[in-house]
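Asker: I'd like to ask you about the structure that follows.
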Amino acid sequence: MILNRRDRILKHIVEHFIKTAQPVGSQTLIDEYHLPYSGATLRNEMLNLEQAGFLEKAHISSGRIPSSDGYRFYCEHLRDREVGEDFKLNLQRVLDEQAKSIEDVIKESSQILSHMTSLVSVVLGPRTKEERLASIQLVPLSEKTATVVFVTNRGYVENKTFVISEQMSMNEVAKYLKIFSDRLVGTPIHDLIEKMEAIKPIINGFALDHEVIYKALFEVFVRFANERLSLYGQRELFNQPEFSKDAEQIKKFINLLESPQNLLALEKNADRDYKEGNISIHIGSVNEDDPDVSIVSAKINFGNEPGTISILGPTRMDYDKVVSSLEYFAKELDKYFGNEEETRERRKK
């Protein structure tokens, strides 16, 4: 990549700040990157970059840090667009393993993405329009605790663990669940709540403490019916300087992670900020109640159903690694879910 002087300086400032989280001064550029320019020339170019809106003056030193516009320009024009070989190999191992459900592939792939970027992966699962409930299974854990496992025809799994009251036996619970299974299996996911309400009068007199189980089932069906939102690698983010030392930023970030509505709003904002091919990027907080975060998103088809996988992290994230990795990740998952013949041939090799 051949860059002019201004762009070369901006690229070094962005990448040095991403690596160190420290403001960058002219002497740092001379010492670290051996640029063939005088200190005065560097300071003049940095002032020009600041006036153009690509850099900001740090309060604690004479150094500069990238602005949101600086990061956007870097993403569009200056990044190297390389994907790490370790990431490729680890992702390929997951995709090459046989007998995996869609849920397992997404989970394990997203965990690798989080680990390799040291950021949070946010998965917005496919819509439930064509998905149906395939089975309801009771798994006793003890005499008075059990888990109910729900599986869809597309391989997605939800579960709910609950405590059985003294008035009910495990056999009664099994009979109770069979009533639901007989009437609900085969029902489209988006119709489950309405159909469950319709059969409620049938089971009201069946068991003395039916409300506990009914509530447990209802909560799971609500999760099924809503947009699926899963997070991976939350702990990775607390190693970042922005969140390891600033209590207010930690509090804001925890609130963001605990609010699906806010995460969805942040993900949707990516489309309005910066877009490159299949990748959307939102840089910086949406409002003052949000932590200082950016989100990089990619649309992916999970078995012909549209979904989104995003990377969430501080504004000072490694955009080159994140964007390049997510582009590769999206391409490989689309290939895995969208071309069954190619997938089978790849697994035979």
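Residues in the structure tokens are numbered from 1 in each chain, the chains being A, B, ... in the order shown, and ligands are numbered from 1 in the order shown.
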Would you list the contacts of Glu267 of chain A as a count of residues only, taking every protein, DNA or RNA residue within 9 Å and counting only C-alpha atoms, but skipping same-chain residues closer than 6 positions in sequence?
Answerer: 9
Asker: Please identify all polymer residues within 12 Å of Thr20 of chain A, counting only C-alpha atoms, omitting same-chain residues fewer than 5 positions from it, and present them as an MDAnalysis selection string.
Answerer: chainID A and resid 12:15 28 65 240:242 316:318
Asker: For those residues, write N, CA and C atoms to a file as a PDB file, in the first residue's frame.
Answerer:
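After the write, out_1.pdb holds the following:
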```pdb
ATOM      1  N   HIS A  12      -0.087   5.289  11.315  1.00  0.00           N
ATOM      2  CA  HIS A  12       0.771   4.948  12.455  1.00  0.00           C
ATOM      3  C   HIS A  12       0.146   5.404  13.775  1.00  0.00           C
ATOM      4  N   ILE A  13      -0.465   6.571  13.786  1.00  0.00           N
ATOM      5  CA  ILE A  13      -1.085   7.067  15.018  1.00  0.00           C
ATOM      6  C   ILE A  13      -2.237   6.161  15.440  1.00  0.00           C
ATOM      7  N   VAL A  14      -3.095   5.810  14.488  1.00  0.00           N
ATOM      8  CA  VAL A  14      -4.230   4.935  14.806  1.00  0.00           C
ATOM      9  C   VAL A  14      -3.735   3.595  15.332  1.00  0.00           C
ATOM     10  N   GLU A  15      -2.795   2.974  14.641  1.00  0.00           N
ATOM     11  CA  GLU A  15      -2.341   1.640  15.035  1.00  0.00           C
ATOM     12  C   GLU A  15      -1.553   1.664  16.340  1.00  0.00           C
ATOM     13  N   THR A  28       7.248   9.994  19.530  1.00  0.00           N
ATOM     14  CA  THR A  28       6.891   8.569  19.475  1.00  0.00           C
ATOM     15  C   THR A  28       6.939   8.064  18.039  1.00  0.00           C
ATOM     16  N   ILE A  65      -4.945  11.484  19.783  1.00  0.00           N
ATOM     17  CA  ILE A  65      -5.625  10.197  19.673  1.00  0.00           C
ATOM     18  C   ILE A  65      -6.581  10.277  18.475  1.00  0.00           C
ATOM     19  N   GLN A 240      -9.498  -4.944  28.511  1.00  0.00           N
ATOM     20  CA  GLN A 240      -9.193  -3.717  27.788  1.00  0.00           C
ATOM     21  C   GLN A 240      -9.011  -2.560  28.773  1.00  0.00           C
ATOM     22  N   PRO A 241      -8.016  -1.697  28.555  1.00  0.00           N
ATOM     23  CA  PRO A 241      -7.749  -0.596  29.502  1.00  0.00           C
ATOM     24  C   PRO A 241      -8.963   0.285  29.766  1.00  0.00           C
ATOM     25  N   GLU A 242      -9.799   0.507  28.739  1.00  0.00           N
ATOM     26  CA  GLU A 242     -10.956   1.382  28.906  1.00  0.00           C
ATOM     27  C   GLU A 242     -11.917   0.884  29.973  1.00  0.00           C
ATOM     28  N   ARG A 316     -11.408   2.116  20.641  1.00  0.00           N
ATOM     29  CA  ARG A 316     -10.003   1.813  20.349  1.00  0.00           C
ATOM     30  C   ARG A 316      -9.831   0.306  20.069  1.00  0.00           C
ATOM     31  N   MET A 317     -10.664  -0.274  19.230  1.00  0.00           N
ATOM     32  CA  MET A 317     -10.494  -1.686  18.876  1.00  0.00           C
ATOM     33  C   MET A 317      -9.564  -1.804  17.671  1.00  0.00           C
ATOM     34  N   ASP A 318      -9.025  -2.983  17.467  1.00  0.00           N
ATOM     35  CA  ASP A 318      -8.141  -3.250  16.326  1.00  0.00           C
ATOM     36  C   ASP A 318      -9.018  -3.491  15.095  1.00  0.00           C
TER      37      ASP A 318
END
```
Asker: Pick out the closest residue to Ser230 of chain A from this set: A:Leu257, A:Ala174, A:Leu47, A:Ile2. Count only C-alpha atoms.
Answerer: A:Leu257
Asker: Write down as a VMD selection string the residues of segment 33-123 of chain A whose backbone DSSP state falls under helix (DSSP H, G or I).
Answerer: chain A and resid 33 39 to 51 68 to 78 85 to 96 102 to 117
Asker: Using N, CA and C atoms, can you export the residues from the last selection as a short mmCIF file (atom, residue, chain, number, x, y, z; two decimals), in the first residue's frame?
Answerer:
```cif
data_model
loop_
_atom_site.label_atom_id
_atom_site.label_comp_id
_atom_site.auth_asym_id
_atom_site.auth_seq_id
_atom_site.Cartn_x
_atom_site.Cartn_y
_atom_site.Cartn_z
N TYR A 33 8.68 4.40 14.62
CA TYR A 33 8.47 4.07 13.20
C TYR A 33 9.54 4.63 12.28
N GLY A 39 10.65 16.57 13.44
CA GLY A 39 9.61 16.73 14.44
C GLY A 39 8.65 17.85 14.08
N ALA A 40 9.18 18.94 13.54
CA ALA A 40 8.33 20.07 13.17
C ALA A 40 7.34 19.68 12.07
N THR A 41 7.83 18.91 11.09
CA THR A 41 6.95 18.48 9.99
C THR A 41 5.84 17.57 10.53
N LEU A 42 6.21 16.66 11.44
CA LEU A 42 5.22 15.75 12.02
C LEU A 42 4.17 16.52 12.82
N ARG A 43 4.63 17.47 13.62
CA ARG A 43 3.69 18.24 14.43
C ARG A 43 2.74 19.05 13.54
N ASN A 44 3.25 19.56 12.43
CA ASN A 44 2.42 20.33 11.51
C ASN A 44 1.36 19.43 10.86
N GLU A 45 1.77 18.23 10.45
CA GLU A 45 0.81 17.28 9.84
C GLU A 45 -0.23 16.82 10.86
N MET A 46 0.20 16.63 12.10
CA MET A 46 -0.74 16.21 13.14
C MET A 46 -1.74 17.31 13.43
N LEU A 47 -1.29 18.57 13.38
CA LEU A 47 -2.20 19.69 13.55
C LEU A 47 -3.21 19.74 12.41
N ASN A 48 -2.74 19.50 11.18
CA ASN A 48 -3.64 19.47 10.03
C ASN A 48 -4.67 18.34 10.16
N LEU A 49 -4.23 17.18 10.64
CA LEU A 49 -5.14 16.05 10.83
C LEU A 49 -6.17 16.35 11.91
N GLU A 50 -5.72 17.08 12.94
CA GLU A 50 -6.65 17.47 14.00
C GLU A 50 -7.68 18.46 13.45
N GLN A 51 -7.24 19.41 12.68
CA GLN A 51 -8.16 20.40 12.11
C GLN A 51 -9.13 19.77 11.11
N SER A 68 -13.46 9.62 15.96
CA SER A 68 -14.34 8.67 15.27
C SER A 68 -14.15 8.75 13.77
N ASP A 69 -14.02 9.98 13.25
CA ASP A 69 -13.79 10.14 11.81
C ASP A 69 -12.43 9.58 11.39
N GLY A 70 -11.44 9.70 12.28
CA GLY A 70 -10.14 9.13 11.99
C GLY A 70 -10.19 7.62 11.87
N TYR A 71 -10.93 6.99 12.79
CA TYR A 71 -11.10 5.54 12.72
C TYR A 71 -11.84 5.14 11.44
N ARG A 72 -12.86 5.90 11.08
CA ARG A 72 -13.62 5.57 9.86
C ARG A 72 -12.72 5.66 8.62
N PHE A 73 -11.90 6.73 8.56
CA PHE A 73 -11.00 6.87 7.42
C PHE A 73 -10.00 5.73 7.40
N TYR A 74 -9.52 5.33 8.56
CA TYR A 74 -8.58 4.21 8.66
C TYR A 74 -9.24 2.93 8.14
N CYS A 75 -10.47 2.67 8.57
CA CYS A 75 -11.17 1.46 8.13
C CYS A 75 -11.34 1.43 6.61
N GLU A 76 -11.65 2.58 6.05
CA GLU A 76 -11.97 2.64 4.63
C GLU A 76 -10.73 2.65 3.74
N HIS A 77 -9.65 3.28 4.20
CA HIS A 77 -8.52 3.52 3.30
C HIS A 77 -7.17 2.97 3.76
N LEU A 78 -6.96 2.74 5.06
CA LEU A 78 -5.61 2.53 5.55
C LEU A 78 -5.32 1.14 6.12
N GLU A 85 -3.56 -16.46 10.30
CA GLU A 85 -3.63 -17.88 9.96
C GLU A 85 -4.17 -18.72 11.12
N ASP A 86 -3.84 -18.34 12.36
CA ASP A 86 -4.36 -19.07 13.52
C ASP A 86 -5.88 -19.02 13.55
N PHE A 87 -6.44 -17.85 13.25
CA PHE A 87 -7.90 -17.72 13.21
C PHE A 87 -8.50 -18.62 12.13
N LYS A 88 -7.90 -18.63 10.95
CA LYS A 88 -8.41 -19.48 9.87
C LYS A 88 -8.40 -20.95 10.26
N LEU A 89 -7.29 -21.40 10.85
CA LEU A 89 -7.17 -22.81 11.22
C LEU A 89 -8.16 -23.19 12.30
N ASN A 90 -8.31 -22.36 13.33
CA ASN A 90 -9.22 -22.67 14.42
C ASN A 90 -10.67 -22.71 13.95
N LEU A 91 -11.04 -21.77 13.09
CA LEU A 91 -12.40 -21.76 12.56
C LEU A 91 -12.63 -22.98 11.67
N GLN A 92 -11.63 -23.35 10.88
CA GLN A 92 -11.79 -24.49 9.99
C GLN A 92 -11.98 -25.79 10.76
N ARG A 93 -11.32 -25.90 11.91
CA ARG A 93 -11.49 -27.11 12.74
C ARG A 93 -12.94 -27.26 13.19
N VAL A 94 -13.56 -26.17 13.54
CA VAL A 94 -14.97 -26.22 13.96
C VAL A 94 -15.85 -26.62 12.79
N LEU A 95 -15.62 -26.04 11.63
CA LEU A 95 -16.47 -26.30 10.48
C LEU A 95 -16.24 -27.68 9.88
N ASP A 96 -15.08 -28.26 10.13
CA ASP A 96 -14.79 -29.59 9.58
C ASP A 96 -15.34 -30.72 10.44
N ILE A 102 -26.63 -26.51 14.14
CA ILE A 102 -26.41 -25.11 13.78
C ILE A 102 -26.02 -24.31 15.01
N GLU A 103 -26.70 -24.60 16.12
CA GLU A 103 -26.42 -23.88 17.37
C GLU A 103 -24.98 -24.08 17.82
N ASP A 104 -24.48 -25.32 17.73
CA ASP A 104 -23.10 -25.61 18.15
C ASP A 104 -22.08 -24.91 17.26
N VAL A 105 -22.33 -24.92 15.95
CA VAL A 105 -21.41 -24.27 15.02
C VAL A 105 -21.32 -22.78 15.31
N ILE A 106 -22.48 -22.14 15.51
CA ILE A 106 -22.49 -20.71 15.79
C ILE A 106 -21.79 -20.41 17.11
N LYS A 107 -22.10 -21.20 18.12
CA LYS A 107 -21.52 -20.97 19.45
C LYS A 107 -20.00 -21.10 19.42
N GLU A 108 -19.50 -22.23 18.89
CA GLU A 108 -18.06 -22.47 18.90
C GLU A 108 -17.32 -21.49 17.99
N SER A 109 -17.91 -21.17 16.85
CA SER A 109 -17.28 -20.21 15.94
C SER A 109 -17.21 -18.82 16.58
N SER A 110 -18.29 -18.43 17.25
CA SER A 110 -18.32 -17.11 17.89
C SER A 110 -17.35 -17.03 19.05
N GLN A 111 -17.17 -18.13 19.77
CA GLN A 111 -16.19 -18.15 20.85
C GLN A 111 -14.78 -17.96 20.32
N ILE A 112 -14.48 -18.58 19.18
CA ILE A 112 -13.18 -18.40 18.55
C ILE A 112 -13.00 -16.95 18.12
N LEU A 113 -14.04 -16.37 17.53
CA LEU A 113 -13.97 -14.98 17.09
C LEU A 113 -13.70 -14.05 18.27
N SER A 114 -14.38 -14.29 19.40
CA SER A 114 -14.16 -13.47 20.60
C SER A 114 -12.74 -13.63 21.13
N HIS A 115 -12.27 -14.88 21.16
CA HIS A 115 -10.94 -15.14 21.71
C HIS A 115 -9.85 -14.50 20.84
N MET A 116 -9.99 -14.59 19.53
CA MET A 116 -8.96 -14.07 18.63
C MET A 116 -8.94 -12.54 18.58
N THR A 117 -10.09 -11.91 18.85
CA THR A 117 -10.14 -10.45 18.83
C THR A 117 -10.11 -9.84 20.22
#
```
Asker: Go ahead and compute the interatomic distance for atom CA of Lys299 of chain A and atom CA of Leu266 of chain A, in Å to one decimal.
Answerer: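 Computing it gives 14.8 Å between the two atoms.
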Asker: Closest to Ala265 of chain A among A:Ala134, A:Leu124, A:Lys19, A:Glu248, using only C-alpha atoms?
Answerer: A:Leu124
Asker: For Asn278 of chain A, which residue out of A:Ser294, A:Ser324, A:Asn239, A:Thr161 is the nearest one, using only C-alpha atoms?
Answerer: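 Of the candidates, the smallest distance to Asn278 of chain A is held by A:Ser324.
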Asker: For Ile213 of chain A, which of A:Ser325, A:Thr145, A:Ser118, A:Asn262 is the closest residue, counting only C-alpha atoms?
Answerer: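 So, comparing all the options, the nearest one is A:Thr145.
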Asker: Find the spatial neighbours of Asp182 of chain A, counting only C-alpha atoms, within a cut-off of 12 Å - ignore same-chain residues fewer than 5 positions away - and output them as a PyMOL selection string.
Answerer: chain A and resi 133-137+175-177+187+196+199
Asker: Could you dump the residues just selected with N, CA and C atoms as a PDB file, in the first residue's frame?
Answerer:
```
ATOM      1  N   LEU A 133     -41.546 -26.156  16.496  1.00  0.00           N
ATOM      2  CA  LEU A 133     -41.144 -26.933  17.666  1.00  0.00           C
ATOM      3  C   LEU A 133     -41.101 -28.409  17.289  1.00  0.00           C
ATOM      4  N   ALA A 134     -39.951 -29.063  17.547  1.00  0.00           N
ATOM      5  CA  ALA A 134     -39.781 -30.466  17.161  1.00  0.00           C
ATOM      6  C   ALA A 134     -39.978 -31.421  18.330  1.00  0.00           C
ATOM      7  N   SER A 135     -39.570 -31.016  19.534  1.00  0.00           N
ATOM      8  CA  SER A 135     -39.733 -31.935  20.672  1.00  0.00           C
ATOM      9  C   SER A 135     -39.664 -31.187  21.990  1.00  0.00           C
ATOM     10  N   ILE A 136     -40.305 -31.775  23.009  1.00  0.00           N
ATOM     11  CA  ILE A 136     -40.226 -31.316  24.397  1.00  0.00           C
ATOM     12  C   ILE A 136     -39.780 -32.513  25.220  1.00  0.00           C
ATOM     13  N   GLN A 137     -38.668 -32.373  25.942  1.00  0.00           N
ATOM     14  CA  GLN A 137     -38.112 -33.498  26.685  1.00  0.00           C
ATOM     15  C   GLN A 137     -37.892 -33.108  28.145  1.00  0.00           C
ATOM     16  N   LYS A 175     -46.424 -36.404  32.726  1.00  0.00           N
ATOM     17  CA  LYS A 175     -47.756 -36.471  32.107  1.00  0.00           C
ATOM     18  C   LYS A 175     -48.215 -35.071  31.690  1.00  0.00           C
ATOM     19  N   TYR A 176     -47.919 -34.116  32.547  1.00  0.00           N
ATOM     20  CA  TYR A 176     -48.295 -32.726  32.280  1.00  0.00           C
ATOM     21  C   TYR A 176     -47.617 -32.219  31.004  1.00  0.00           C
ATOM     22  N   LEU A 177     -46.319 -32.528  30.875  1.00  0.00           N
ATOM     23  CA  LEU A 177     -45.582 -32.078  29.704  1.00  0.00           C
ATOM     24  C   LEU A 177     -46.034 -32.801  28.437  1.00  0.00           C
ATOM     25  N   THR A 187     -45.847 -26.985  15.890  1.00  0.00           N
ATOM     26  CA  THR A 187     -46.365 -25.611  15.828  1.00  0.00           C
ATOM     27  C   THR A 187     -45.247 -24.643  15.425  1.00  0.00           C
ATOM     28  N   MET A 196     -50.318 -21.836  23.303  1.00  0.00           N
ATOM     29  CA  MET A 196     -50.179 -22.242  24.699  1.00  0.00           C
ATOM     30  C   MET A 196     -51.271 -21.607  25.551  1.00  0.00           C
ATOM     31  N   ILE A 199     -54.601 -23.502  25.116  1.00  0.00           N
ATOM     32  CA  ILE A 199     -54.785 -24.804  25.779  1.00  0.00           C
ATOM     33  C   ILE A 199     -54.685 -24.710  27.298  1.00  0.00           C
TER      34      ILE A 199
END
```
Asker: Could you check the closest approach to Leu184 of chain A for each of A:Glu32, A:Glu327, A:Asp7, A:Glu197 and tell me which residue wins, using only C-alpha atoms?
Answerer: A:Glu197
Asker: Rounded to one decimal, what separation in Å do you get between atom CA of Lys144 of chain A and atom CA of Glu166 of chain A?
Answerer: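 Going from atom CA of Lys144 of chain A over to atom CA of Glu166 of chain A, I get 7.9 Å.
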Asker: Can you pull out every residue from segment 134-339 of chain A that DSSP, working from the backbone, puts in strand (DSSP E), and format the result as a PyMOL selection string?
Answerer: chain A and resi 134-140+145-152+157-163+229-232+274-276+279-283+293-301+306-314
